[in-house]
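Dropping run-v8.cif in here (mmCIF, C-alpha atoms):
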```
data_upload
#
loop_
_atom_site.label_atom_id
_atom_site.label_comp_id
_atom_site.auth_asym_id
_atom_site.auth_seq_id
_atom_site.Cartn_x
_atom_site.Cartn_y
_atom_site.Cartn_z
CA MET A 177 -2.73 7.26 -32.43
CA GLN A 178 -5.53 5.08 -33.84
CA GLN A 179 -3.97 1.95 -32.33
CA THR A 180 -3.78 3.60 -28.91
CA ALA A 181 -7.40 4.72 -29.08
CA SER A 182 -8.48 1.26 -30.23
CA ALA A 183 -6.57 -0.44 -27.39
CA THR A 184 -8.15 1.93 -24.87
CA SER A 185 -11.62 1.15 -26.23
CA VAL A 186 -10.97 -2.58 -25.93
CA LEU A 187 -9.80 -2.19 -22.31
CA LEU A 188 -12.85 -0.11 -21.45
CA GLY A 189 -15.09 -2.73 -23.03
CA LEU A 190 -13.43 -5.53 -21.07
CA SER A 191 -13.75 -3.50 -17.88
CA GLU A 192 -17.46 -2.99 -18.52
CA VAL A 193 -17.99 -6.71 -19.06
CA ARG A 194 -16.08 -7.57 -15.91
CA MET A 195 -17.95 -5.05 -13.77
CA ALA A 196 -21.25 -6.46 -14.99
CA GLN A 197 -20.05 -9.96 -13.98
CA LEU A 198 -19.05 -8.77 -10.52
CA ASP A 199 -22.37 -7.00 -10.08
CA ARG A 200 -24.36 -10.12 -11.04
CA ALA A 201 -22.24 -12.33 -8.79
CA THR A 202 -22.96 -10.17 -5.75
CA GLU A 203 -26.49 -8.96 -6.44
CA HIS A 204 -27.83 -11.08 -3.55
CA LEU A 205 -25.69 -9.24 -0.98
CA ASP A 206 -26.92 -6.27 1.05
CA PRO A 207 -24.62 -3.20 1.04
CA PRO A 208 -22.38 -1.96 2.35
CA PHE A 209 -19.94 -4.72 1.46
CA ALA A 210 -16.46 -5.06 -0.04
CA VAL A 211 -15.37 -7.23 -2.95
CA VAL A 212 -11.99 -8.44 -4.14
CA ASP A 213 -11.82 -9.64 -7.73
CA LEU A 214 -9.41 -12.58 -7.40
CA ASP A 215 -8.75 -12.73 -11.14
CA ALA A 216 -7.55 -9.12 -11.06
CA PHE A 217 -5.70 -9.64 -7.76
CA ASP A 218 -3.75 -12.59 -9.18
CA ALA A 219 -3.00 -10.75 -12.41
CA ASN A 220 -1.68 -7.78 -10.44
CA ALA A 221 0.46 -10.06 -8.26
CA ALA A 222 1.99 -11.62 -11.36
CA ASP A 223 2.61 -8.20 -12.90
CA LEU A 224 4.37 -6.90 -9.78
CA ALA A 225 6.70 -9.91 -9.81
CA HIS A 226 7.29 -9.48 -13.55
CA ARG A 227 8.20 -5.82 -13.06
CA THR A 228 10.70 -6.80 -10.37
CA GLY A 229 12.29 -9.41 -12.63
CA SER A 230 15.01 -11.67 -11.26
CA ARG A 231 16.95 -8.81 -9.70
CA ALA A 232 15.08 -8.71 -6.38
CA THR A 233 12.13 -10.17 -4.50
CA ILE A 234 8.99 -8.42 -3.26
CA ARG A 235 8.48 -7.90 0.46
CA LEU A 236 4.72 -7.64 0.83
CA ALA A 237 3.49 -4.44 2.50
CA SER A 238 0.80 -5.88 4.77
CA LYS A 239 -0.88 -2.53 5.52
CA SER A 240 -1.88 -2.39 1.85
CA VAL A 241 -3.70 -5.75 2.08
CA ARG A 242 -4.93 -6.15 5.71
CA SER A 243 -6.32 -9.63 5.23
CA ARG A 244 -4.33 -12.66 6.35
CA HIS A 245 -5.95 -14.83 3.70
CA LEU A 246 -4.87 -12.53 0.86
CA ILE A 247 -1.43 -12.01 2.39
CA ARG A 248 -0.96 -15.77 2.24
CA ARG A 249 -2.25 -15.88 -1.33
CA ALA A 250 0.32 -13.33 -2.48
CA LEU A 251 3.23 -14.82 -0.53
CA ASP A 252 2.57 -18.25 -2.00
CA ARG A 253 3.57 -16.85 -5.40
CA GLU A 254 7.07 -17.00 -6.85
CA GLY A 255 8.97 -13.76 -6.41
CA TYR A 256 7.47 -12.85 -3.02
CA ARG A 257 9.34 -13.22 0.24
CA GLY A 258 8.68 -11.72 3.64
CA ILE A 259 6.31 -9.11 5.04
CA LEU A 260 6.72 -5.38 5.60
CA ALA A 261 4.40 -4.75 8.55
CA PHE A 262 3.17 -1.51 10.07
CA THR A 263 3.20 -2.00 13.86
CA LEU A 264 4.86 -4.33 16.33
CA PRO A 265 1.55 -5.82 17.57
CA GLU A 266 0.69 -6.66 13.95
CA ALA A 267 4.15 -8.16 13.44
CA LEU A 268 3.83 -10.32 16.55
CA TRP A 269 0.51 -11.62 15.25
CA LEU A 270 1.80 -12.30 11.74
CA ALA A 271 5.02 -13.88 13.05
CA GLN A 272 2.98 -16.70 14.56
CA GLU A 273 2.71 -17.90 10.95
CA HIS A 274 5.39 -16.08 8.93
CA GLU A 275 9.15 -16.34 9.48
CA ASP A 276 10.33 -12.98 8.11
CA VAL A 277 8.54 -9.80 9.22
CA VAL A 278 10.16 -6.37 9.02
CA ILE A 279 8.32 -3.47 10.66
CA GLY A 280 8.35 -0.46 8.36
CA TYR A 281 8.15 2.14 11.14
CA PRO A 282 9.76 2.59 14.59
CA THR A 283 7.79 1.48 17.64
CA THR A 284 7.33 2.84 21.16
CA ASP A 285 4.77 0.21 22.17
CA ARG A 286 6.08 -0.87 25.57
CA THR A 287 3.72 -3.80 25.99
CA ALA A 288 4.56 -5.21 22.57
CA LEU A 289 8.31 -4.73 23.13
CA ARG A 290 8.10 -6.70 26.38
CA GLN A 291 6.17 -9.42 24.57
CA LEU A 292 8.81 -9.55 21.84
CA ALA A 293 11.65 -9.78 24.34
CA LYS A 294 9.99 -12.74 26.10
CA ASP A 295 9.47 -14.69 22.87
CA GLU A 296 12.72 -15.92 21.32
CA ARG A 297 10.89 -17.35 18.31
CA ALA A 298 9.23 -14.02 17.57
CA ALA A 299 12.50 -12.16 18.16
CA SER A 300 14.18 -14.33 15.54
CA ARG A 301 11.41 -13.58 13.01
CA ILE A 302 10.77 -9.86 13.55
CA THR A 303 13.03 -6.96 12.58
CA LEU A 304 12.44 -3.57 14.22
CA MET A 305 12.94 -0.28 12.38
CA VAL A 306 15.25 2.38 13.83
CA ASP A 307 16.53 5.73 12.63
CA SER A 308 18.13 7.16 15.77
CA VAL A 309 20.10 6.28 18.86
CA ALA A 310 17.15 7.60 20.88
CA GLN A 311 15.08 4.64 19.71
CA LEU A 312 17.76 2.23 20.94
CA ASP A 313 17.78 4.09 24.26
CA PHE A 314 14.00 3.83 24.51
CA THR A 315 14.07 0.07 23.88
CA ASP A 316 16.82 -0.45 26.47
CA ALA A 317 14.91 1.63 29.02
CA VAL A 318 11.81 -0.53 28.53
CA LEU A 319 13.49 -3.93 28.42
CA GLY A 320 16.78 -3.69 30.24
CA ALA A 321 19.78 -5.78 29.27
CA SER A 322 18.47 -9.30 29.97
CA ARG A 323 16.86 -10.25 26.68
CA PRO A 324 17.57 -11.94 23.35
CA ASP A 325 19.22 -9.79 20.70
CA LEU A 326 16.62 -7.78 18.80
CA ARG A 327 16.98 -7.55 15.04
CA VAL A 328 16.96 -3.98 13.71
CA CYS A 329 16.90 -2.29 10.32
CA ILE A 330 18.13 1.25 9.59
CA ASP A 331 15.62 3.53 7.84
CA LEU A 332 17.63 5.57 5.32
CA ASP A 333 15.80 8.73 4.27
CA ALA A 334 15.10 8.63 0.53
CA SER A 335 13.71 12.12 0.06
CA LEU A 336 15.29 14.64 -2.29
CA GLU A 337 16.89 17.56 -0.49
CA LEU A 338 18.07 20.61 -2.40
CA ALA A 339 19.54 23.98 -1.50
CA GLY A 340 21.38 22.60 1.48
CA GLY A 341 18.26 20.89 2.83
CA ARG A 342 16.05 23.97 2.64
CA LEU A 343 13.95 22.29 -0.07
CA HIS A 344 12.61 18.85 0.90
CA LEU A 345 10.74 16.69 -1.64
CA GLY A 346 9.33 13.41 -0.36
CA PRO A 347 7.98 12.00 2.91
CA TYR A 348 9.41 13.22 6.18
CA ARG A 349 10.67 9.95 7.57
CA SER A 350 14.16 9.31 8.84
CA PRO A 351 16.82 11.79 10.02
CA VAL A 352 19.43 9.41 8.54
CA HIS A 353 20.06 10.97 5.12
CA THR A 354 23.76 10.75 4.30
CA PRO A 355 26.09 7.75 4.01
CA GLY A 356 28.05 9.11 6.96
CA GLN A 357 24.95 9.27 9.16
CA ALA A 358 24.00 5.71 8.16
CA ALA A 359 27.47 4.40 8.99
CA GLU A 360 27.52 6.22 12.34
CA LEU A 361 24.19 4.66 13.37
CA ALA A 362 25.39 1.26 12.15
CA ARG A 363 28.51 1.49 14.33
CA THR A 364 26.38 2.36 17.35
CA ILE A 365 24.06 -0.61 16.74
CA VAL A 366 26.89 -3.09 16.19
CA GLY A 367 28.69 -1.92 19.30
CA ARG A 368 25.61 -2.03 21.48
CA PRO A 369 24.63 -5.25 23.33
CA GLY A 370 21.10 -6.48 22.74
CA PHE A 371 20.79 -5.45 19.08
CA HIS A 372 21.65 -7.09 15.76
CA LEU A 373 21.84 -5.01 12.56
CA ALA A 374 20.05 -6.98 9.83
CA GLY A 375 19.22 -4.55 7.04
CA VAL A 376 18.63 -1.11 5.59
CA MET A 377 15.43 0.17 4.00
CA SER A 378 14.39 3.38 2.26
CA TYR A 379 11.11 4.48 0.70
CA GLU A 380 11.19 6.99 -2.13
CA GLY A 381 7.64 8.27 -1.80
CA GLN A 382 8.25 11.21 -4.14
CA ILE A 383 8.79 8.64 -6.92
CA ALA A 384 6.86 5.49 -5.95
CA GLY A 385 3.87 7.29 -4.47
CA LEU A 386 3.26 10.02 -7.06
CA GLY A 387 1.73 9.09 -10.41
CA ASP A 388 3.58 10.75 -13.28
CA ASN A 389 0.51 11.07 -15.49
CA GLN A 390 -1.78 13.17 -13.30
CA PRO A 391 -4.64 15.03 -14.98
CA GLY A 392 -4.36 18.79 -15.19
CA SER A 393 -1.53 21.06 -16.23
CA PRO A 394 0.99 19.63 -18.74
CA LEU A 395 3.62 21.91 -17.22
CA LYS A 396 3.07 20.42 -13.76
CA ARG A 397 3.31 16.89 -15.19
CA ALA A 398 6.56 17.77 -16.95
CA ALA A 399 7.97 19.31 -13.78
CA LEU A 400 7.00 16.24 -11.73
CA ARG A 401 8.63 13.87 -14.22
CA ALA A 402 11.81 15.94 -14.26
CA MET A 403 11.93 15.94 -10.46
CA GLN A 404 11.42 12.18 -10.33
CA ARG A 405 14.19 11.51 -12.87
CA PHE A 406 16.61 13.72 -10.98
CA SER A 407 15.59 12.24 -7.60
CA ALA A 408 16.02 8.68 -8.87
CA ARG A 409 19.57 9.37 -10.04
CA GLU A 410 20.49 11.17 -6.83
CA LEU A 411 19.03 8.44 -4.65
CA ALA A 412 20.67 5.58 -6.56
CA ASP A 413 24.10 7.13 -6.03
CA ARG A 414 23.47 8.07 -2.39
CA ARG A 415 21.88 4.71 -1.52
CA ALA A 416 24.81 2.81 -3.03
CA ALA A 417 27.26 4.92 -1.05
CA ALA A 418 25.23 4.47 2.14
CA ILE A 419 25.04 0.70 1.78
CA ALA A 420 28.78 0.52 1.12
CA ALA A 421 29.42 2.59 4.24
CA VAL A 422 27.15 0.43 6.39
CA GLU A 423 28.53 -2.85 5.06
CA ALA A 424 32.03 -1.65 5.91
CA VAL A 425 30.75 -1.83 9.50
CA GLN A 426 28.77 -5.09 9.13
CA PRO A 427 27.44 -7.16 6.21
CA LEU A 428 23.69 -6.84 5.69
CA GLU A 429 21.09 -9.56 5.20
CA PHE A 430 18.81 -7.37 3.07
CA VAL A 431 18.47 -3.94 1.46
CA ASN A 432 14.88 -2.85 0.88
CA GLY A 433 13.63 0.01 -1.24
CA GLY A 434 10.93 1.34 -3.50
CA GLY A 435 7.21 0.78 -3.70
CA THR A 436 4.56 -0.25 -6.22
CA GLY A 437 5.14 2.88 -8.31
CA SER A 438 8.91 2.49 -8.72
CA ILE A 439 9.54 -1.25 -8.81
CA GLU A 440 11.53 -1.49 -12.06
CA GLN A 441 13.68 1.52 -11.25
CA THR A 442 14.45 0.51 -7.66
CA ALA A 443 15.08 -3.15 -8.46
CA SER A 444 17.63 -2.14 -11.10
CA GLU A 445 19.95 -0.71 -8.42
CA HIS A 446 22.67 -3.25 -7.72
CA VAL A 447 22.50 -2.81 -3.93
CA ILE A 448 18.76 -3.60 -3.71
CA THR A 449 17.83 -7.16 -2.68
CA GLU A 450 14.08 -6.61 -2.23
CA VAL A 451 11.33 -4.13 -3.04
CA GLY A 452 8.46 -3.32 -0.70
CA ALA A 453 5.09 -3.35 -2.47
CA GLY A 454 1.45 -4.13 -1.81
CA SER A 455 -0.94 -1.44 -3.07
CA GLY A 456 -0.61 -2.70 -6.62
CA LEU A 457 -2.41 -5.91 -5.66
CA TYR A 458 -5.69 -4.03 -5.14
CA GLY A 459 -5.14 -1.33 -7.79
CA PRO A 460 -6.76 1.59 -5.91
CA GLY A 461 -7.67 4.93 -7.44
CA LEU A 462 -4.34 6.65 -6.77
CA PHE A 463 -2.66 4.16 -9.11
CA ASP A 464 -4.66 5.23 -12.15
CA PHE A 465 -2.11 7.86 -13.10
CA TYR A 466 1.18 6.13 -13.92
CA ARG A 467 2.52 5.86 -17.46
CA HIS A 468 4.60 2.71 -17.19
CA PHE A 469 2.11 0.41 -15.46
CA ARG A 470 -1.60 0.17 -14.71
CA PRO A 471 -2.87 -2.38 -12.20
CA ARG A 472 -6.29 -3.90 -12.75
CA PRO A 473 -8.88 -2.63 -10.28
CA ALA A 474 -9.34 -5.50 -7.82
CA ALA A 475 -10.89 -4.09 -4.63
CA TYR A 476 -14.28 -2.36 -4.39
CA PHE A 477 -16.91 -1.31 -1.93
CA VAL A 478 -20.60 -1.32 -2.77
CA MET A 479 -23.41 0.95 -1.59
CA SER A 480 -27.16 0.90 -2.18
CA VAL A 481 -29.46 3.46 -3.80
CA VAL A 482 -31.92 4.62 -1.14
CA ARG A 483 -33.69 7.58 -2.76
CA ARG A 484 -34.30 9.51 -5.97
CA PRO A 485 -34.36 13.28 -5.35
CA SER A 486 -35.08 13.83 -9.05
CA ASP A 487 -35.15 11.99 -12.35
CA ARG A 488 -31.49 12.92 -12.87
CA ILE A 489 -30.14 12.05 -9.43
CA ALA A 490 -29.84 8.82 -7.43
CA THR A 491 -28.64 8.92 -3.83
CA VAL A 492 -26.71 6.07 -2.21
CA LEU A 493 -26.42 5.52 1.52
CA GLY A 494 -22.89 6.42 2.68
CA GLY A 495 -19.98 6.41 0.26
CA GLY A 496 -17.64 8.90 1.92
CA TRP A 497 -14.76 6.52 2.50
CA VAL A 498 -12.07 9.14 1.93
CA ALA A 499 -8.36 8.29 1.95
CA SER A 500 -5.74 9.73 4.27
CA GLY A 501 -3.20 12.26 3.08
CA PRO A 502 -3.38 15.84 1.82
CA HIS A 503 -6.86 17.13 1.11
CA GLY A 504 -7.75 16.85 -2.58
CA LYS A 505 -10.00 15.22 -5.15
CA ASP A 506 -7.57 12.34 -5.56
CA ARG A 507 -8.43 11.20 -2.00
CA LEU A 508 -12.09 10.67 -2.88
CA PRO A 509 -13.43 7.25 -3.91
CA THR A 510 -13.84 6.54 -7.60
CA LEU A 511 -17.25 5.61 -9.04
CA SER A 512 -16.82 2.34 -10.91
CA TRP A 513 -20.25 0.94 -11.79
CA PRO A 514 -22.63 1.55 -13.40
CA GLN A 515 -20.48 3.40 -15.91
CA GLY A 516 -21.36 6.99 -16.61
CA LEU A 517 -21.90 8.12 -13.01
CA ARG A 518 -20.34 11.19 -11.45
CA MET A 519 -20.61 12.86 -8.06
CA ASN A 520 -22.39 16.10 -7.34
CA PRO A 521 -19.53 18.63 -6.95
CA MET A 522 -21.51 20.46 -4.25
CA GLU A 523 -21.68 17.33 -2.03
CA GLY A 524 -19.02 14.88 -3.16
CA ALA A 525 -18.77 11.57 -1.29
CA GLY A 526 -20.60 11.91 2.02
CA GLU A 527 -20.57 10.01 5.28
CA VAL A 528 -24.33 9.48 5.20
CA GLN A 529 -25.20 9.94 1.54
CA THR A 530 -23.64 10.40 -1.89
CA PRO A 531 -25.81 11.77 -4.71
CA VAL A 532 -24.70 10.50 -8.14
CA LEU A 533 -25.44 12.14 -11.46
CA GLY A 534 -24.93 11.26 -15.11
CA ARG A 535 -26.71 9.23 -17.73
CA ALA A 536 -26.51 6.00 -15.70
CA ALA A 537 -28.17 7.64 -12.68
CA GLN A 538 -31.44 7.95 -14.56
CA GLY A 539 -31.81 4.18 -14.75
CA LEU A 540 -31.03 3.41 -11.12
CA ARG A 541 -33.83 2.17 -8.86
CA LEU A 542 -34.13 1.87 -5.11
CA GLY A 543 -31.97 -1.00 -3.89
CA ASP A 544 -29.64 -1.00 -6.92
CA HIS A 545 -25.94 -1.33 -6.21
CA VAL A 546 -23.36 1.36 -6.92
CA TRP A 547 -19.68 0.32 -6.96
CA PHE A 548 -16.79 2.44 -5.69
CA ARG A 549 -13.01 2.06 -5.49
CA HIS A 550 -11.11 3.49 -2.55
CA ALA A 551 -8.29 5.91 -3.38
CA LYS A 552 -5.85 3.84 -1.29
CA ALA A 553 -5.43 0.10 -0.94
CA GLY A 554 -5.58 -1.22 2.61
CA GLU A 555 -7.64 1.58 4.12
CA LEU A 556 -10.76 -0.02 2.65
CA CYS A 557 -10.33 -2.89 5.12
CA GLU A 558 -10.64 -0.54 8.09
CA ARG A 559 -14.30 -0.07 7.07
CA VAL A 560 -15.42 -3.68 6.68
CA ASN A 561 -15.12 -6.96 8.55
CA MET A 562 -15.29 -9.25 5.52
CA LEU A 563 -14.06 -9.32 1.94
CA HIS A 564 -16.21 -11.19 -0.59
CA LEU A 565 -13.92 -12.94 -3.06
CA VAL A 566 -15.11 -13.32 -6.64
CA ALA A 567 -13.46 -15.58 -9.22
CA GLY A 568 -14.88 -16.02 -12.68
CA GLY A 569 -18.52 -15.12 -12.29
CA GLU A 570 -19.27 -16.19 -8.73
CA VAL A 571 -18.50 -15.50 -5.09
CA VAL A 572 -16.09 -18.26 -4.08
CA ASP A 573 -15.30 -17.25 -0.50
CA GLN A 574 -15.55 -14.57 2.13
CA VAL A 575 -12.56 -13.87 4.34
CA PRO A 576 -12.04 -11.57 7.33
CA THR A 577 -10.06 -8.37 7.30
CA TYR A 578 -7.83 -7.52 10.27
CA ARG A 579 -10.83 -5.69 11.69
CA GLY A 580 -13.00 -8.76 11.13
CA GLU A 581 -10.58 -10.86 13.16
CA GLY A 582 -10.88 -8.42 16.04
CA HIS A 583 -7.54 -6.67 15.59
CA ALA A 584 -6.93 -2.93 15.25
CA PHE A 585 -3.25 -2.47 14.53
CA LEU A 586 -3.39 0.92 12.84
#
```
Could you render the structure as structure tokens?
Amino acid sequence: MQQTASATSVLLGLSEVRMAQLDRATEHLDPPFAVVDLDAFDANAADLAHRTGSRATIRLASKSVRSRHLIRRALDREGYRGILAFTLPEALWLAQEHEDVVIGYPTTDRTALRQLAKDERAASRITLMVDSVAQLDFTDAVLGASRPDLRVCIDLDASLELAGGRLHLGPYRSPVHTPGQAAELARTIVGRPGFHLAGVMSYEGQIAGLGDNQPGSPLKRAALRAMQRFSARELADRRAAAIAAVEAVQPLEFVNGGGTGSIEQTASEHVITEVGAGSGLYGPGLFDFYRHFRPRPAAYFVMSVVRRPSDRIATVLGGGWVASGPHGKDRLPTLSWPQGLRMNPMEGAGEVQTPVLGRAAQGLRLGDHVWFRHAKAGELCERVNMLHLVAGGEVVDQVPTYRGEGHAFL
């Protein structure tokens, strides 16, 4: 117990030193601005690859990064191969540079589909996601038969279903849940002109996306961990059976699964060739509550103190950069620096102002910087045009986000 407490104290001390370095390096900048700590980013990238081991590679989830410069930086590392994109327009843009782009979600973008069909190079680099015959029908209706073969990937639902499907735990994604359903869709794809079946993916959000060390009730934590253990066993067996059923129809180029929160577990399955991950590079607030790994915080946004309502309160301009998903405290940004700040529970993080309390608030002056972390990874980049990159103790570069390059893919 003493060793654990001592290690925690050391980590907190190192974090405090690093935050002070970041603050000094950027003190000349006017908020609001965003910062990526390259030392932490690189350490997280190495840790993700280490967690995957030699069993699989990492397909980088671009929506969790949303900066071409940092996508390149990660993909240049050993253990990373390919991109998991969000939309077809984004994939077309990224495929100008990258040779292997899988889209993680189905598309009904008619303009982008026509562009893909006219570009044989892009069609050879991009893999569409499908989970129903209706999506094949839609594509055929838009494009007709005269086109290059389009690469497709089957989205296998990874959620846990109990009581005959009446209880559903996990994201509502694909209607393809059983090995039989996967094989049936595979036979339709293989027998249909204009499509080429390249892979299968599945995302176990109820495992990868839920931290197993959440604050609050010990009983709820225990129940969550039990559910995740059971779901992992069920999915491993079902996924293996589904891949066997699909490969009896046609051999696959890749089988993708997992996410930042389940890398070791997913990569250990013998059918998995790659794991999709990206959020762990930035280490956002939602990743503070996992037992088996803890990414270093690498991405921040910074706001300025603009008034002092009292000796105990400092108010920053803005700050309400709240994450998507179910309403809850875990979707709010995390106060990172100065240490010892907390939000006013009556106001929280606001669009126009965020009052901060605590011992550190008493020492803040007008114009001082307050540092936040977003609850999610890539959503931060929808708020800013540039990311200021810090290495060591200085700003070494500033690079555009997708938004900064004039693209809005999400």
Item to check | For Gly437 of chain A, the nearest of the candidates A:Val528, A:Leu345, A:Val212, A:Arg227, counting only C-alpha atoms | outcome: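 Closest to Gly437 of chain A of all the choices is A:Arg227.
Atom CA of Ala221 of chain A sits 20.5 Å away from atom CA of Phe477 of chain A.
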Checklist entry - What does the PyMOL selection byres ((chain A and resi 208) around 6) select in this file, as a PyMOL selection string? => result chain A and resi 207+209+478-479
Rows by chain and residue number, segment 194-245 of chain A within 6 Å of segment 249-266 of chain A, shortest pair, only C-alpha atoms, as CSV:
```
residue,atom,partner,partner_atom,distance
A:Ala225,CA,A:Gly255,CA,5.6
A:Thr233,CA,A:Gly255,CA,5.1
A:Ile234,CA,A:Tyr256,CA,4.7
A:Arg235,CA,A:Gly258,CA,5.0
A:Leu236,CA,A:Ile259,CA,4.7
A:Ala237,CA,A:Leu260,CA,4.6
A:Ser238,CA,A:Ala261,CA,5.3
```
Checklist entry - Which residue out of A:Leu411, A:Met377, A:Val318, A:Lys505 has the minimum interatomic distance to Gln390 of chain A when only C-alpha atoms are used? => result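 Closest to Gln390 of chain A, using only C-alpha atoms: A:Lys505.
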Item to check | Selection: 9 Å around Ser438 of chain A, all atoms listed in the file, excl. self and same-chain fewer than 3 positions, as number ranges by chain | outcome: A: 380, 383-385, 434-435, 441-443
Checklist entry - Suppose you want the space between atom CA of Tyr379 of chain A and atom CA of Val366 of chain A; what is it in Å? => result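 Separating atom CA of Tyr379 of chain A from atom CA of Val366 of chain A is a distance of 23.4 Å.
For the residues A:Pro502, A:Gly459, A:Gly346, A:Pro509, ranking by smallest atom-to-atom distance to Met403 of chain A using all atoms listed in the file places A:Gly346 first.
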Item to check | Residue among A:Val451, A:Ala475, A:Leu332, A:Ala490 lying closest to His564 of chain A, counting all atoms listed in the file | outcome: A:Ala475
Checklist entry - What is the distance between atom CA of Arg488 of chain A and atom CA of Arg549 of chain A, in Å to one decimal? => result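 Going from atom CA of Arg488 of chain A over to atom CA of Arg549 of chain A, I get 22.7 Å.
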Item to check | Contacts of Leu400 of chain A within 10 Å, all atoms listed in the file, excl. fewer than 5 positions in-chain, as number ranges by chain | outcome: A: 382-383, 386-390, 394-395, 405-406
Report the centre and edge lengths, in Å to one decimal, of an axis-aligned box enclosing every atom of segment 343-357 of chain A listed in the file, padded by 4 Å on each side, as AutoDock Vina command-line options.
```
--center_x 18.0 --center_y 15.0 --center_z 4.2 --size_x 28.1 --size_y 22.5 --size_z 19.7
```
Next on the checklist: Which residues are close to Trp513 of chain A, i.e. within 7 Å by all atoms listed in the file, leaving aside same-chain residues fewer than 2 positions away? Reply as a list in words.
Outcome noted: Met195, Leu511, Gln515, Val546 and Trp547 of chain A
Item to check | Polymer residues at most 7 Å from segment 580-583 of chain A, only C-alpha atoms, same-chain spacing of 4 or more positions, as a PyMOL selection string | outcome: chain A and resi 561-562+576
Checklist entry - What do you get, as a PyMOL selection string, if you spell out every residue that the PyMOL selection byres ((chain A and resi 481) around 7) selects here? => result chain A and resi 479-480+482-483+490-493+541-545
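Between Val376 of chain A and the candidates A:Val306, A:Ala536, A:Val572, A:Ala222, the tightest atom-to-atom separation, counting only C-alpha atoms, involves A:Val306.
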Could you tell me, as a PDB file with C-alpha atoms, in the frame of the given file, exactly which residues end up selected when the PyMOL selection byres ((chain A and resi 531) around 7) is applied to this structure?
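selection.pdb was written with the following content:
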```pdb
ATOM      1  CA  ILE A 489     -30.140  12.050  -9.430  1.00  0.00           C
ATOM      2  CA  ALA A 490     -29.840   8.820  -7.430  1.00  0.00           C
ATOM      3  CA  THR A 491     -28.640   8.920  -3.830  1.00  0.00           C
ATOM      4  CA  VAL A 492     -26.710   6.070  -2.210  1.00  0.00           C
ATOM      5  CA  MET A 519     -20.610  12.860  -8.060  1.00  0.00           C
ATOM      6  CA  ASN A 520     -22.390  16.100  -7.340  1.00  0.00           C
ATOM      7  CA  GLN A 529     -25.200   9.940   1.540  1.00  0.00           C
ATOM      8  CA  THR A 530     -23.640  10.400  -1.890  1.00  0.00           C
ATOM      9  CA  VAL A 532     -24.700  10.500  -8.140  1.00  0.00           C
ATOM     10  CA  LEU A 533     -25.440  12.140 -11.460  1.00  0.00           C
TER      11      LEU A 533
END
```
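Proximity of A:Asp413, A:Asp331, A:Glu275, A:Asp218 to Ser308 of chain A, computed with only C-alpha atoms, is greatest for A:Asp331.
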